[in-house]
Amino acid sequence: MSFTFIIGIIALIAGIYQIIMFLKVKSSGELIKGEVIGYEESRDNKMHPIYNPIVRFEHNGETLEMPTELSENKKKFELGDEIEVFFVQGKDYVMRAKGNSSLTNGLICLACGVALIILNLI
């Protein structure tokens with residue numbers, strides 16, 4: 001078994017896992033509109049800044065503030081922007097409905113995995 005085949009299998013499994021997790025949250029979560037009220041700032045492994053939007057929204061008459069699951073190297077939203085998120089009871093973060101990194105990463109991993117496996121079989 002070649003190295004590229006093994007990497008292809010790993011990428012394929014990672015892609016399927018991320019897509020399943022996104023679909024699970026989407027099906028069990030509640031679509032809510034929230035307001036971007038700030039950002040959590042952290043650093044990646046190369047010490048570049050990473051920004052994670054914090055969203056305020058109403059759920060069952062209660063006002064909640066939670067970070068989203070999507071971290072980016074720039075502040076994508078202005079304070080006060082309204083975005084749609086999926087809220088799942090018991091989670092300490094919300095998943096963005098549009099521009100979701102889990103779905104995008106899952107599809108990229110899936111495509112790379114399939115491509116590496118096919119290239120290895122040729």
# chains A, B, ... in the order shown; residues from 1 in each chain; ligands from 1
call {"tool": "residues_around", "arguments": {"residues": "Ile54 (chain A)", "least_positions_apart": "5", "cutoff": "10 Å", "atoms": "only C-alpha atoms", "output": "list in words"}}
result
Gly34, Glu35, Val36, Ile37, Gly38, Tyr39, Glu40, Glu65, Met66, Pro67, Thr68, Glu69, Leu79, Tyr93 and Val94 of chain A
call {"tool": "write_last_selection", "arguments": {"atoms": "C-alpha atoms", "output": "PDB file, in the first residue's frame"}}
result
ATOM      1  CA  GLY A  34     -27.745  36.707  15.649  1.00  0.00           C
ATOM      2  CA  GLU A  35     -25.802  39.960  15.872  1.00  0.00           C
ATOM      3  CA  VAL A  36     -21.993  40.022  15.753  1.00  0.00           C
ATOM      4  CA  ILE A  37     -20.967  41.761  18.981  1.00  0.00           C
ATOM      5  CA  GLY A  38     -17.234  41.126  19.019  1.00  0.00           C
ATOM      6  CA  TYR A  39     -14.395  38.739  18.277  1.00  0.00           C
ATOM      7  CA  GLU A  40     -12.308  36.242  20.199  1.00  0.00           C
ATOM      8  CA  GLU A  65     -23.766  35.277  23.578  1.00  0.00           C
ATOM      9  CA  MET A  66     -21.608  32.578  21.992  1.00  0.00           C
ATOM     10  CA  PRO A  67     -18.646  32.293  19.654  1.00  0.00           C
ATOM     11  CA  THR A  68     -19.150  30.732  16.248  1.00  0.00           C
ATOM     12  CA  GLU A  69     -17.137  27.699  15.136  1.00  0.00           C
ATOM     13  CA  LEU A  79     -19.879  44.793  14.670  1.00  0.00           C
ATOM     14  CA  TYR A  93     -20.670  27.566  20.398  1.00  0.00           C
ATOM     15  CA  VAL A  94     -22.953  28.105  17.411  1.00  0.00           C
TER      16      VAL A  94
END
call {"tool": "residues_around", "arguments": {"residues": "region 21-29 of chain A", "least_positions_apart": "2", "cutoff": "7 Å", "atoms": "only C-alpha atoms", "output": "list in words"}}
result
Tyr17, Gln18, Ile19, Leu31, Phe86, Phe87, Val88, Ser102 and Leu103 of chain A
call {"tool": "write_last_selection", "arguments": {"atoms": "C-alpha atoms", "output": "PDB file, in the first residue's frame"}}
result
ATOM      1  CA  TYR A  17     -16.762  12.771   9.233  1.00  0.00           C
ATOM      2  CA  GLN A  18     -16.893  16.570   8.864  1.00  0.00           C
ATOM      3  CA  ILE A  19     -19.843  16.422   6.473  1.00  0.00           C
ATOM      4  CA  LEU A  31     -31.702  28.363  12.749  1.00  0.00           C
ATOM      5  CA  PHE A  86     -27.476  27.023  14.070  1.00  0.00           C
ATOM      6  CA  PHE A  87     -27.944  26.776  17.826  1.00  0.00           C
ATOM      7  CA  VAL A  88     -27.855  23.342  19.466  1.00  0.00           C
ATOM      8  CA  SER A 102     -17.063  22.349   8.511  1.00  0.00           C
ATOM      9  CA  LEU A 103     -18.989  21.700   5.322  1.00  0.00           C
TER      10      LEU A 103
END
call {"tool": "select_by_dssp", "arguments": {"residues": "chain A", "states": "strand (DSSP E)", "output": "ChimeraX atom specification"}}
result
/A:30-43,49-59,62-67,82-87,95-96
call {"tool": "residues_around", "arguments": {"residues": "Leu121 (chain A)", "least_positions_apart": "3", "cutoff": "12 Å", "atoms": "only C-alpha atoms", "output": "ChimeraX atom specification"}}
result
/A:1-2,4-6,8,114-118
call {"tool": "write_last_selection", "arguments": {"atoms": "C-alpha atoms", "output": "short mmCIF file (atom, residue, chain, number, x, y, z; two decimals), in the first residue's frame"}}
result
data_model
loop_
_atom_site.label_atom_id
_atom_site.label_comp_id
_atom_site.auth_asym_id
_atom_site.auth_seq_id
_atom_site.Cartn_x
_atom_site.Cartn_y
_atom_site.Cartn_z
CA MET A 1 0.00 0.00 0.00
CA SER A 2 1.46 3.36 -0.99
CA THR A 4 -0.60 8.47 -1.23
CA PHE A 5 -3.27 5.76 -0.96
CA ILE A 6 -3.13 5.90 2.85
CA GLY A 8 -6.26 9.46 0.41
CA VAL A 114 -11.13 10.51 -3.80
CA ALA A 115 -8.55 12.12 -6.12
CA LEU A 116 -5.59 10.57 -4.27
CA ILE A 117 -7.22 7.14 -4.23
CA ILE A 118 -8.04 7.30 -7.95
#
call {"tool": "select_by_dssp", "arguments": {"residues": "chain A", "states": "helix (DSSP H, G or I)", "output": "PyMOL selection string"}}
result
chain A and resi 3-28+101-121
call {"tool": "write_last_selection", "arguments": {"atoms": "N, CA and C atoms", "output": "short mmCIF file (atom, residue, chain, number, x, y, z; two decimals), in the first residue's frame"}}
result
data_model
loop_
_atom_site.label_atom_id
_atom_site.label_comp_id
_atom_site.auth_asym_id
_atom_site.auth_seq_id
_atom_site.Cartn_x
_atom_site.Cartn_y
_atom_site.Cartn_z
N PHE A 3 1.96 5.37 0.19
CA PHE A 3 1.73 6.50 1.09
C PHE A 3 0.57 7.36 0.61
N THR A 4 0.49 7.63 -0.71
CA THR A 4 -0.60 8.47 -1.23
C THR A 4 -1.96 7.81 -1.05
N PHE A 5 -2.01 6.48 -1.16
CA PHE A 5 -3.27 5.76 -0.96
C PHE A 5 -3.73 5.91 0.49
N ILE A 6 -2.81 5.77 1.43
CA ILE A 6 -3.13 5.90 2.85
C ILE A 6 -3.60 7.33 3.17
N ILE A 7 -2.90 8.32 2.64
CA ILE A 7 -3.32 9.73 2.83
C ILE A 7 -4.70 9.95 2.22
N GLY A 8 -4.95 9.35 1.05
CA GLY A 8 -6.26 9.46 0.41
C GLY A 8 -7.37 8.88 1.27
N ILE A 9 -7.12 7.74 1.88
CA ILE A 9 -8.11 7.11 2.76
C ILE A 9 -8.37 7.99 3.98
N ILE A 10 -7.29 8.52 4.57
CA ILE A 10 -7.44 9.40 5.73
C ILE A 10 -8.24 10.65 5.37
N ALA A 11 -7.93 11.28 4.22
CA ALA A 11 -8.65 12.47 3.78
C ALA A 11 -10.12 12.14 3.51
N LEU A 12 -10.37 11.01 2.91
CA LEU A 12 -11.74 10.58 2.62
C LEU A 12 -12.54 10.41 3.91
N ILE A 13 -11.96 9.74 4.89
CA ILE A 13 -12.63 9.53 6.18
C ILE A 13 -12.85 10.86 6.90
N ALA A 14 -11.84 11.73 6.89
CA ALA A 14 -11.97 13.05 7.54
C ALA A 14 -13.07 13.87 6.87
N GLY A 15 -13.14 13.82 5.55
CA GLY A 15 -14.17 14.55 4.83
C GLY A 15 -15.56 14.05 5.15
N ILE A 16 -15.73 12.74 5.15
CA ILE A 16 -17.03 12.16 5.47
C ILE A 16 -17.43 12.52 6.90
N TYR A 17 -16.48 12.44 7.83
CA TYR A 17 -16.76 12.77 9.23
C TYR A 17 -17.22 14.23 9.38
N GLN A 18 -16.52 15.16 8.74
CA GLN A 18 -16.89 16.57 8.86
C GLN A 18 -18.26 16.84 8.24
N ILE A 19 -18.53 16.23 7.12
CA ILE A 19 -19.84 16.42 6.47
C ILE A 19 -20.96 15.86 7.35
N ILE A 20 -20.74 14.68 7.93
CA ILE A 20 -21.75 14.08 8.81
C ILE A 20 -21.99 14.96 10.03
N MET A 21 -20.91 15.48 10.62
CA MET A 21 -21.07 16.34 11.80
C MET A 21 -21.84 17.62 11.45
N PHE A 22 -21.56 18.20 10.28
CA PHE A 22 -22.29 19.39 9.85
C PHE A 22 -23.77 19.06 9.68
N LEU A 23 -24.07 17.96 9.00
CA LEU A 23 -25.47 17.59 8.77
C LEU A 23 -26.19 17.27 10.08
N LYS A 24 -25.47 16.68 11.03
CA LYS A 24 -26.06 16.37 12.34
C LYS A 24 -26.44 17.65 13.06
N VAL A 25 -25.53 18.64 13.08
CA VAL A 25 -25.83 19.91 13.74
C VAL A 25 -26.95 20.63 13.01
N LYS A 26 -26.90 20.61 11.69
CA LYS A 26 -27.93 21.31 10.91
C LYS A 26 -29.31 20.71 11.16
N SER A 27 -29.38 19.38 11.28
CA SER A 27 -30.68 18.75 11.47
C SER A 27 -31.18 18.88 12.90
N SER A 28 -30.28 18.95 13.88
CA SER A 28 -30.73 19.03 15.28
C SER A 28 -30.69 20.46 15.81
N SER A 101 -17.37 26.50 7.68
CA SER A 101 -16.07 25.88 7.42
C SER A 101 -16.13 24.36 7.52
N SER A 102 -16.99 23.80 8.37
CA SER A 102 -17.06 22.35 8.51
C SER A 102 -17.50 21.70 7.20
N LEU A 103 -18.52 22.25 6.58
CA LEU A 103 -18.99 21.70 5.32
C LEU A 103 -17.95 21.89 4.22
N THR A 104 -17.38 23.08 4.14
CA THR A 104 -16.37 23.35 3.11
C THR A 104 -15.15 22.46 3.29
N ASN A 105 -14.63 22.38 4.51
CA ASN A 105 -13.48 21.52 4.77
C ASN A 105 -13.79 20.06 4.48
N GLY A 106 -14.99 19.63 4.85
CA GLY A 106 -15.39 18.25 4.58
C GLY A 106 -15.43 17.94 3.10
N LEU A 107 -15.98 18.85 2.32
CA LEU A 107 -16.04 18.63 0.87
C LEU A 107 -14.66 18.63 0.24
N ILE A 108 -13.78 19.53 0.73
CA ILE A 108 -12.41 19.57 0.21
C ILE A 108 -11.66 18.28 0.55
N CYS A 109 -11.77 17.84 1.79
CA CYS A 109 -11.11 16.59 2.21
C CYS A 109 -11.65 15.40 1.41
N LEU A 110 -12.96 15.37 1.23
CA LEU A 110 -13.58 14.28 0.48
C LEU A 110 -13.06 14.25 -0.96
N ALA A 111 -13.03 15.41 -1.60
CA ALA A 111 -12.55 15.48 -2.99
C ALA A 111 -11.07 15.10 -3.09
N CYS A 112 -10.26 15.59 -2.16
CA CYS A 112 -8.83 15.25 -2.18
C CYS A 112 -8.62 13.76 -1.95
N GLY A 113 -9.39 13.20 -1.01
CA GLY A 113 -9.27 11.78 -0.73
C GLY A 113 -9.62 10.93 -1.95
N VAL A 114 -10.72 11.25 -2.60
CA VAL A 114 -11.13 10.51 -3.80
C VAL A 114 -10.07 10.66 -4.89
N ALA A 115 -9.56 11.89 -5.09
CA ALA A 115 -8.55 12.12 -6.12
C ALA A 115 -7.27 11.33 -5.84
N LEU A 116 -6.81 11.32 -4.61
CA LEU A 116 -5.59 10.57 -4.27
C LEU A 116 -5.79 9.07 -4.45
N ILE A 117 -6.95 8.57 -4.07
CA ILE A 117 -7.22 7.14 -4.23
C ILE A 117 -7.26 6.77 -5.70
N ILE A 118 -7.96 7.58 -6.51
CA ILE A 118 -8.04 7.30 -7.95
C ILE A 118 -6.65 7.38 -8.60
N LEU A 119 -5.87 8.41 -8.25
CA LEU A 119 -4.52 8.55 -8.82
C LEU A 119 -3.65 7.35 -8.44
N ASN A 120 -3.84 6.83 -7.26
CA ASN A 120 -3.05 5.70 -6.82
C ASN A 120 -3.46 4.41 -7.54
N LEU A 121 -4.72 4.31 -7.92
CA LEU A 121 -5.21 3.11 -8.59
C LEU A 121 -4.89 3.08 -10.08
#
